[in-house]
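K.L.:
This is the structure I want to talk about, given as C-alpha cells.
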Amino acid sequence: LFLAVCAVGIGGTFQYGYNVSIINAPTQHIHKFLNETWTSRYHKELNPDLLTFLWSVIASIFSLGGLCGALMGGSMAIRLGRKGALLMNNIIAILASILMGLSYPTGLFELLIAGRFLIGINSGIGFCVQPLYIGEIAPKHLRGALAMGTSIFLTGGILTGQIIGLRELLGGEKHWPLLLSSSCFPAFAQLLFLPWFPESPRYLLIDRGDELSCAKALKRFHGSSEYRREMEDIQRESSALDGEKPKKPWQLFTDRSVRWQLITVIVMTVGQQLSGINAIYFYATYIFEAAGISSEKIPYVTLGTGACECLTALSCGLLIDYVGRRYLIIGGYLLMTLWCTVLTFSLTYQNLYSWVPYVSMMSIFAFILSFGLGPGGITNTLIAELFVQSSRPAAYMIGGTLSWSSFFTIGMLFPFIVNGLKQYCFLVFLLECSFVAAFIFLVIPETKNKSFLEIKKEFHKLNFGRN
C-alpha cells in the first residue's frame, strides 16, 4: 500500500506542487528571454505592458490547464480506470516538458505557453484521479493516513521545486529551460513503477464487474489473510448501488441524496483556496525584508515555508486516523483565524517596535503549519469519503473545477485586494476561516473508521430529514 501511494503520488500531485513552485525562480530570466525573442523577431523592443501581459499568461495559463484537466479527469478515470488514467496522463507531462525545453533554443515563447498549459492539464488530471485511486485501495482504518499521500506529495513537490529552483542548481540563467522541462522525470518515474501495482479493486468490481481481478488486487494490497473484510465491504456497496452507472457532474446537482455532500465539497474547496494561504506567500518576502533578511538570502528562508507545509502534511498523515477529520480541520481553521488576527495587528504596527517584524515572521510560519494540519491535508481526503462509487468521480470533477477556478480567480484579483485593503485583507480571510470552521462543526459528521455506505447513511438524515 505504501509503495502504491508513492508510485501514484510521484506523477500525481507531486507534479502540481512542483510546477506551481518552479515558475517563480526563473522570472527574471524568462523576462529577458521574452525581450530578446521579441527584438530579434520584430526588430523593436518589447513594450513593458506587453511584457507584463505575456509573463502573466505564462504564469496563469497553468491554472487554466488545471481547470481543463479537472474537467477531463473524472471521465478518464471511468473510461480508462484509475491506474490507466494516471499512466496516460504522463504522456501529457512528457510532451509539455519537450515543448518548454525547446522554447529557448528555438526562440519560440509560444512553446513555453503551450507547455505550461499542457503541464496544467497534467496537474489537473493528477489532482483529480490520484485521490480517487488512493481512497479506493485503502482499508477504512488506514484510509485517512494513505489519503494524506495526496497532500504529502503536493507539498513535497513544492519543496523540491524550491530547492531545484535555487540559482546554484537549475534556477540560474543558463539552466532555466532545463528547470522547466524537468517535470518529465516524475512522469518517467511513474511510468516505470505504477504498472507493477493493480487497478483499484472497487473500480474492478463495482464499475467493471470483475470479481476475480478485484480479489487478486485486494490480496496484493491487504494480504491473503486480511482481504476478505474489504471484499465484503465492496460487495455490500456494489449491491446497494445495484448496477448504478457512474454519474455525470450535472446529475449530482439534481440528486437530493448527495445534496449536503455536494454543498460540503463546494464550501470546503472554495474555502481552502480563499483561506488566505495565497496572501501569506504574497506577504512573505515583504515581511522577511522588514525583519532584516537580505534579498539574496530570502529564497533560502522561503525554503522554510515549503518545509513547514511538508512537515505538517506528514504530521497530519500520522494523526488523521487517531484524532479524526473533524477535529483536525476545525482546529486548523480556528488557528488560521487566530494568526490572521495577529498578522493584522503586527503588520499595522510593523514600524513601531523593532521586534514586531519577528512576530509577523512567526505568524507566517504558524499560519502555514495550521493550514497544512487542517484544510491543506484533509479537504481532498474528505471528498473521497463523502461519496459512494457512482458519484465519486463526478464529485472530484466538481471539486477540481472549483479549486482551479478559485486558484485562477484569486491569482487575478488578489493584487487588487491587497492594494486596496493592505494588511486589513487578513480580516476578510479571518471571517472566511471562521465561517468554514462553523460550517464543518454544524454539518460534517466524523468519517473516521466508517465505510462509504455508513457515511452515506449519516448524510441521509441531513438530505431527507430525520424522519
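Order determines the names: the first chain of the C-alpha cells is A, the second B, and so forth; residues in each chain are numbered 1 upward, and ligands are numbered 1 upward as they are shown.
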Kindly assemble as a tab-separated table a list of the region 211-269 of chain A residues that lie within 12 Å of region 378-392 of chain A, each paired with its nearest atom pair and their distance in Å to one decimal, using only C-alpha atoms, sorted first by chain and then by ascending residue number.

P.N.:
residue	atom	partner	partner_atom	distance
A:Asp233	CA	A:Val388	CA	11.9
A:Ile234	CA	A:Gln389	CA	9.6
A:Gln235	CA	A:Gln389	CA	11.7
A:Arg236	CA	A:Val388	CA	11.4
A:Glu237	CA	A:Val388	CA	7.7
A:Ser238	CA	A:Gln389	CA	8.5
A:Ser239	CA	A:Gln389	CA	11.7
A:Ala240	CA	A:Val388	CA	9.8
A:Leu241	CA	A:Ser390	CA	7.6
A:Asp242	CA	A:Ser390	CA	10.5
A:Gly243	CA	A:Ser390	CA	9.3
A:Glu244	CA	A:Ser390	CA	6.7
A:Lys245	CA	A:Ser390	CA	6.1
A:Pro246	CA	A:Ser390	CA	4.2
A:Lys247	CA	A:Ser391	CA	5.6
A:Lys248	CA	A:Ser391	CA	8.0
A:Pro249	CA	A:Ser391	CA	8.2
A:Trp250	CA	A:Ser391	CA	10.8
A:Gln251	CA	A:Ser391	CA	9.1
A:Leu252	CA	A:Ser391	CA	7.3
A:Phe253	CA	A:Ser391	CA	11.0
A:Asp255	CA	A:Ser391	CA	10.1
A:Ser257	CA	A:Phe387	CA	10.1
A:Val258	CA	A:Phe387	CA	7.7
A:Arg259	CA	A:Phe387	CA	10.9
A:Trp260	CA	A:Leu386	CA	9.6
A:Gln261	CA	A:Leu386	CA	6.1
A:Leu262	CA	A:Leu386	CA	8.8
A:Ile263	CA	A:Ile383	CA	11.1
A:Thr264	CA	A:Ile383	CA	8.5
A:Val265	CA	A:Ile383	CA	6.4
A:Ile266	CA	A:Ile383	CA	10.0
A:Val267	CA	A:Thr379	CA	10.1
A:Met268	CA	A:Thr379	CA	6.4
A:Thr269	CA	A:Thr379	CA	6.9

K.L.:
Do you know which residues are at most 7 Å from Cys128 (chain A) counting only C-alpha atoms, after dropping those on the same chain fewer than 5 positions away, and could you put them as an MDAnalysis selection string?

P.N.:
chainID A and resid 70 73:74 396:397 400
